[in-house]
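Listing of entry26.txt; format and content: compact mmCIF, C-alpha atoms and all ligand atoms.
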```txt
# COMPACT_ATOMS: atom_id res chain seq x y z
CA MET A 271 24.39 110.47 11.85
CA THR A 272 24.27 107.72 14.49
CA GLU A 273 22.34 108.43 17.66
CA LEU A 274 23.59 106.50 20.67
CA ILE A 275 22.40 106.41 24.25
CA PHE A 276 25.19 106.16 26.81
CA ALA A 277 23.71 103.86 29.48
CA THR A 278 25.32 105.45 32.53
CA HIS A 279 24.16 107.58 35.44
CA ASN A 280 27.69 108.91 35.82
CA GLN A 281 27.65 112.44 34.35
CA HIS A 282 31.47 112.60 34.34
CA LYS A 283 31.52 109.69 31.90
CA VAL A 284 28.96 111.38 29.64
CA SER A 285 31.05 114.57 29.51
CA GLU A 286 34.21 112.61 28.69
CA ALA A 287 32.40 110.72 25.90
CA GLN A 288 30.90 113.90 24.45
CA ALA A 289 34.37 115.42 24.20
CA ILE A 290 35.70 112.40 22.28
CA LEU A 291 32.93 111.42 19.89
CA PRO A 292 32.95 112.98 16.41
CA ALA A 293 30.06 115.21 15.34
CA SER A 294 28.65 112.35 13.26
CA VAL A 295 27.81 110.47 16.46
CA HIS A 296 25.14 112.15 18.55
CA ILE A 297 25.17 110.95 22.12
CA ARG A 298 22.24 111.17 24.53
CA SER A 299 22.37 110.46 28.23
CA LEU A 300 19.90 108.52 30.40
CA HIS A 301 18.84 111.90 31.75
CA ASP A 302 17.95 113.02 28.19
CA ILE A 303 15.63 110.01 27.72
CA ARG A 304 14.22 110.40 31.25
CA CYS A 305 15.53 107.08 32.47
CA HIS A 306 16.06 107.65 36.17
CA GLU A 307 15.84 104.11 37.50
CA GLU A 308 18.87 102.30 38.84
CA ILE A 309 20.33 99.93 36.24
CA PRO A 310 21.29 96.50 37.57
CA GLU A 311 25.02 95.75 37.64
CA THR A 312 25.23 92.32 39.24
CA GLN A 313 27.75 90.42 37.12
CA ASN A 314 31.24 89.50 38.29
CA SER A 315 33.15 90.75 35.24
CA LEU A 316 33.54 94.13 33.54
CA GLN A 317 32.29 92.61 30.28
CA GLY A 318 29.24 91.09 32.01
CA ASN A 319 28.30 94.35 33.71
CA ALA A 320 28.82 96.46 30.57
CA LEU A 321 26.56 94.09 28.64
CA GLN A 322 23.95 93.99 31.41
CA LYS A 323 23.71 97.80 31.51
CA ALA A 324 23.57 98.19 27.72
CA GLN A 325 20.97 95.42 27.31
CA TYR A 326 18.77 96.82 30.06
CA VAL A 327 18.51 100.17 28.29
CA ALA A 328 18.37 98.82 24.71
CA GLU A 329 15.47 96.50 25.57
CA ARG A 330 13.39 99.09 27.40
CA TYR A 331 14.06 102.13 25.23
CA HIS A 332 14.46 100.41 21.83
CA CYS A 333 17.58 102.36 20.95
CA HIS A 334 21.18 101.94 19.85
CA CYS A 335 23.14 102.16 23.01
CA PHE A 336 26.41 101.48 24.78
CA ALA A 337 27.56 101.12 28.36
CA ASP A 338 30.98 100.83 29.92
CA ASP A 339 32.18 99.16 33.05
CA THR A 340 35.50 100.20 34.50
CA GLY A 341 37.70 98.75 37.20
CA LEU A 342 40.91 99.78 38.93
CA GLU A 343 43.15 96.71 39.30
CA ILE A 344 45.91 97.08 41.89
CA ASP A 345 48.60 94.38 41.70
CA ALA A 346 49.59 94.50 45.40
CA LEU A 347 45.89 93.94 46.27
CA ASP A 348 45.55 90.92 43.96
CA GLY A 349 43.60 92.98 41.40
CA ARG A 350 41.17 94.64 43.84
CA PRO A 351 38.99 96.72 43.76
CA GLY A 352 38.50 95.57 40.11
CA VAL A 353 34.88 94.94 39.27
CA TYR A 354 33.92 96.24 42.75
CA SER A 355 35.51 99.69 42.21
CA ALA A 356 32.28 101.70 42.55
CA ARG A 357 31.27 100.49 46.02
CA TYR A 358 34.64 99.33 47.35
CA ALA A 359 34.24 101.08 50.72
CA GLY A 360 30.61 99.93 51.07
CA GLU A 361 27.10 100.78 49.90
CA GLY A 362 26.57 104.55 49.49
CA CYS A 363 30.30 105.35 49.81
CA SER A 364 31.92 108.40 48.22
CA PHE A 365 34.89 108.58 45.84
CA ALA A 366 36.91 109.88 48.83
CA ASP A 367 35.90 106.84 50.95
CA ASN A 368 37.04 104.47 48.20
CA MET A 369 40.41 106.22 47.80
CA ARG A 370 40.92 106.21 51.57
CA LYS A 371 40.30 102.46 51.70
CA VAL A 372 42.76 101.77 48.87
CA LEU A 373 45.46 104.00 50.41
CA ASP A 374 44.92 102.34 53.77
CA GLU A 375 45.27 98.86 52.31
CA LEU A 376 48.50 99.94 50.60
CA ARG A 377 49.97 101.64 53.69
CA ASP A 378 52.78 99.07 54.04
CA VAL A 379 53.73 99.23 50.35
CA LYS A 380 55.87 102.36 50.22
CA GLU A 381 57.79 102.14 46.91
CA LEU A 382 55.92 103.45 43.88
CA GLU A 383 57.06 100.54 41.67
CA ARG A 384 55.27 98.11 43.98
CA ARG A 385 52.06 100.17 43.81
CA SER A 386 51.43 99.30 40.16
CA ALA A 387 47.84 99.32 38.88
CA ARG A 388 45.75 99.73 35.79
CA PHE A 389 42.37 101.07 34.81
CA ARG A 390 40.50 98.74 32.50
CA THR A 391 37.31 99.67 30.63
CA VAL A 392 35.05 97.37 28.66
CA ILE A 393 32.40 98.95 26.43
CA ALA A 394 29.39 96.94 25.23
CA LEU A 395 27.73 98.48 22.17
CA ILE A 396 24.31 97.30 20.97
CA LEU A 397 23.68 98.36 17.39
CA GLU A 398 20.81 97.02 15.31
CA GLY A 399 20.37 94.12 17.74
CA LYS A 400 24.02 93.02 17.58
CA THR A 401 26.52 93.32 20.42
CA TYR A 402 30.13 94.47 20.10
CA PHE A 403 32.82 94.83 22.80
CA PHE A 404 35.75 97.24 22.99
CA GLU A 405 38.45 97.34 25.66
CA GLY A 406 40.92 99.97 26.78
CA ARG A 407 43.49 100.04 29.54
CA VAL A 408 46.12 102.31 30.99
CA GLU A 409 48.99 101.24 33.25
CA GLY A 410 50.15 103.32 36.18
CA PHE A 411 50.80 103.58 39.92
CA ILE A 412 48.80 104.46 43.03
CA THR A 413 50.24 107.61 44.63
CA LEU A 414 50.86 107.89 48.38
CA GLN A 415 48.12 110.50 48.71
CA PRO A 416 45.42 112.10 46.52
CA VAL A 417 46.67 114.91 44.24
CA GLY A 418 44.55 117.13 41.95
CA ALA A 419 40.91 118.14 41.67
CA GLU A 420 39.90 117.30 38.08
CA GLY A 421 38.16 114.14 36.91
CA PHE A 422 36.36 111.77 39.27
CA GLY A 423 36.61 108.46 41.10
CA TYR A 424 40.16 107.30 41.75
CA ASP A 425 41.74 109.93 39.44
CA PRO A 426 43.55 111.79 42.28
CA VAL A 427 45.50 108.63 43.27
CA PHE A 428 46.28 107.35 39.76
CA LEU A 429 49.61 108.32 38.19
CA PRO A 430 49.75 107.01 34.61
CA LYS A 431 53.06 105.34 33.72
CA GLY A 432 55.51 107.78 32.08
CA TYR A 433 53.73 110.90 33.42
CA THR A 434 54.39 113.19 36.37
CA GLN A 435 50.77 114.24 36.94
CA THR A 436 47.84 112.20 38.26
CA PHE A 437 44.68 111.98 36.14
CA ALA A 438 43.14 114.52 38.52
CA GLU A 439 45.85 117.06 37.64
CA MET A 440 45.25 116.67 33.88
CA ASP A 441 42.64 118.49 31.88
CA ALA A 442 39.88 116.40 30.29
CA ALA A 443 41.49 116.36 26.84
CA GLU A 444 44.80 115.06 28.15
CA LYS A 445 43.17 112.36 30.29
CA ASN A 446 40.98 111.28 27.35
CA ARG A 447 44.01 110.97 25.08
CA ILE A 448 45.66 108.29 27.22
CA SER A 449 42.94 106.89 29.45
CA HIS A 450 41.28 103.46 29.57
CA ARG A 451 37.90 104.94 28.55
CA GLY A 452 39.46 107.19 25.90
CA ARG A 453 41.18 104.18 24.33
CA ALA A 454 38.08 101.98 24.41
CA MET A 455 36.01 104.84 22.96
CA ALA A 456 38.57 105.39 20.19
CA GLN A 457 38.11 101.76 19.15
CA MET A 458 34.34 102.12 19.16
CA ILE A 459 34.57 105.30 17.07
CA ASP A 460 36.80 103.51 14.59
CA PHE A 461 34.26 100.69 14.37
CA LEU A 462 31.35 103.13 13.89
CA ARG A 463 33.24 104.91 11.08
CA LYS A 464 33.55 101.62 9.21
CA ALA A 465 30.04 100.30 10.05
P1 LIG B 501 27.61 103.63 35.75
O1 LIG B 501 27.64 102.20 36.23
O2 LIG B 501 26.27 104.30 35.91
O3 LIG B 501 28.18 103.81 34.38
P2 LIG B 501 29.68 104.03 37.78
O4 LIG B 501 30.26 105.27 38.38
O5 LIG B 501 29.11 103.00 38.72
O6 LIG B 501 28.61 104.50 36.68
P3 LIG B 501 31.58 102.00 36.81
O7 LIG B 501 30.81 100.93 37.49
O8 LIG B 501 32.05 101.77 35.43
O9 LIG B 501 30.77 103.38 36.83
O10 LIG B 501 32.89 102.41 37.57
C1 LIG B 501 33.25 101.92 38.81
C2 LIG B 501 34.01 102.96 39.58
O11 LIG B 501 35.34 103.04 39.03
C3 LIG B 501 33.48 104.39 39.51
O12 LIG B 501 32.48 104.61 40.48
C4 LIG B 501 34.73 105.18 39.84
O13 LIG B 501 34.96 105.18 41.23
C5 LIG B 501 35.81 104.35 39.18
N1 LIG B 501 36.12 104.89 37.84
C6 LIG B 501 35.53 104.57 36.65
N2 LIG B 501 36.08 105.28 35.66
C7 LIG B 501 37.03 106.07 36.23
C8 LIG B 501 37.93 107.04 35.75
O14 LIG B 501 37.98 107.38 34.46
N3 LIG B 501 38.75 107.64 36.61
C9 LIG B 501 38.72 107.33 37.92
N4 LIG B 501 37.90 106.45 38.47
C10 LIG B 501 37.06 105.81 37.63
```

Output the file's structure in the form of structure tokens.
Ligand code: ITT
Amino acid sequence: MTELIFATHNQHKVSEAQAILPASVHIRSLHDIRCHEEIPETQNSLQGNALQKAQYVAERYHCHCFADDTGLEIDALDGRPGVYSARYAGEGCSFADNMRKVLDELRDVKELERRSARFRTVIALILEGKTYFFEGRVEGFITLQPVGAEGFGYDPVFLPKGYTQTFAEMDAAEKNRISHRGRAMAQMIDFLRKA
């Protein structure tokens, strides 16, 4: 049995990960290890931030751990919000504020095909002092308005390519099956099985 800390304060991510990981991998959250401090995330790439978060926790809590950093890359906005997805509308903003800003910036781009975007996740895993990276992505489009109440973040405005429902209209299992984080996690699980 491998015990892994998921270095995130985002409880939605922990729930998604718990639903994916096999029983042989026991996952604990920062809440479980009473780590309540803010974890620095100051790099300018998803890989850099994932590594920074995982290292911060691994060094202080002497544990096997992983962190992910995720960005929504919108082609018509030259890849924004990208690595700045969490605080796109400013410090202390809500998920709704971020979606509003994205929809506002896309107001002149009416056709769905021109609203193409992708979620990209990079996971950094620190296991026995070594670092491993896993990446997952999902292509899709930004809808004209938010639809659905499941999930979190930009899920209500993200329509995965080939589907008729946004991530926020899907249940957790369906999102996990095709999502950026689900795909990156599947690679990590595969690696852990062989390790
Ligand atoms: P941690 O850094 O504590 O893990 P976070 O919420 O800041 O939590 P990220 O930096 O990885 O996580 O993510 C940046 C933002 O991207 C996040 O705040 C959401 O708005 C959005 N996001 C991440 N994963 C998402 C998902 O699966 N669906 C929708 N939006 C997502």

(request) Around ligand LIG 501 (chain B), at most 9 Å away and counting only C-alpha atoms and all ligand atoms, which residues are there? Put them as a VMD selection string, please. (result) chain A and resid 276 to 284 286 308 to 311 316 319 to 320 323 337 to 342 351 to 358 364 to 365 368 to 369 389 to 392 421 to 428 437 to 438 445 to 446 449 to 452

(request) With a distance cut-off of 6 Å and all atoms listed in the file, select the neighbouring residues of stretch 290-306 of chain A, excluding the residue or stretch itself and same-chain residues fewer than 6 positions from it, and output the selection as a list in words. (result) Met271, Thr272, Glu273, Leu274, Ile275 and Phe276 of chain A

Expected axis-aligned box over every listed atom of stretch 386-395 of chain A, 6 Å added per side, centre plus edges in Å to one decimal, as AutoDock Vina command-line options:
```
--center_x 39.6 --center_y 99.0 --center_z 31.2 --size_x 35.7 --size_y 16.1 --size_z 30.0
```

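As for atom CA of A:Ser315 and atom CA of A:Gly406, they are spaced 14.7 Å apart.
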
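Atom pair atom CA of A:Arg407 / atom CA of A:Gly349 has a distance of 13.8 Å (rounded to one decimal).
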
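The space between atom CA of A:Glu420 and atom CA of A:Ala442 spans 7.8 Å.
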
(message) Just checking: using only C-alpha atoms, which residue out of A:Met440, A:Ile393, A:Val372, A:Leu462 ends up closest to A:Glu343?
(response) A:Val372

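Proximity to A:Tyr433 was assessed for A:Ala394, A:Arg330, A:Arg453, A:Phe411 counting all atoms listed in the file; the smallest distance is recorded for A:Phe411.
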
(request) Give the answer as one residue: which of A:Gly410, A:Gly318, A:Gly418, A:Gly399 has the shortest atom-to-atom distance to A:Cys335, using all atoms listed in the file? (result) A:Gly399

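Nearest to A:Phe461 of all the residues A:Cys333, A:Val379, A:Leu395, A:Ala346 is A:Leu395, based on all atoms listed in the file.
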
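Of the residues listed (A:Thr436, A:Gln415, A:Gln457, A:Thr401), A:Thr401 shows the shortest atom-to-atom separation from A:Leu321; distances use only C-alpha atoms.
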
(message) Calculated over all atoms listed in the file, which of the candidates A:Gly362, A:Arg370, A:Arg377, A:Tyr402 has the smallest distance to A:His334?
(response) A:Tyr402
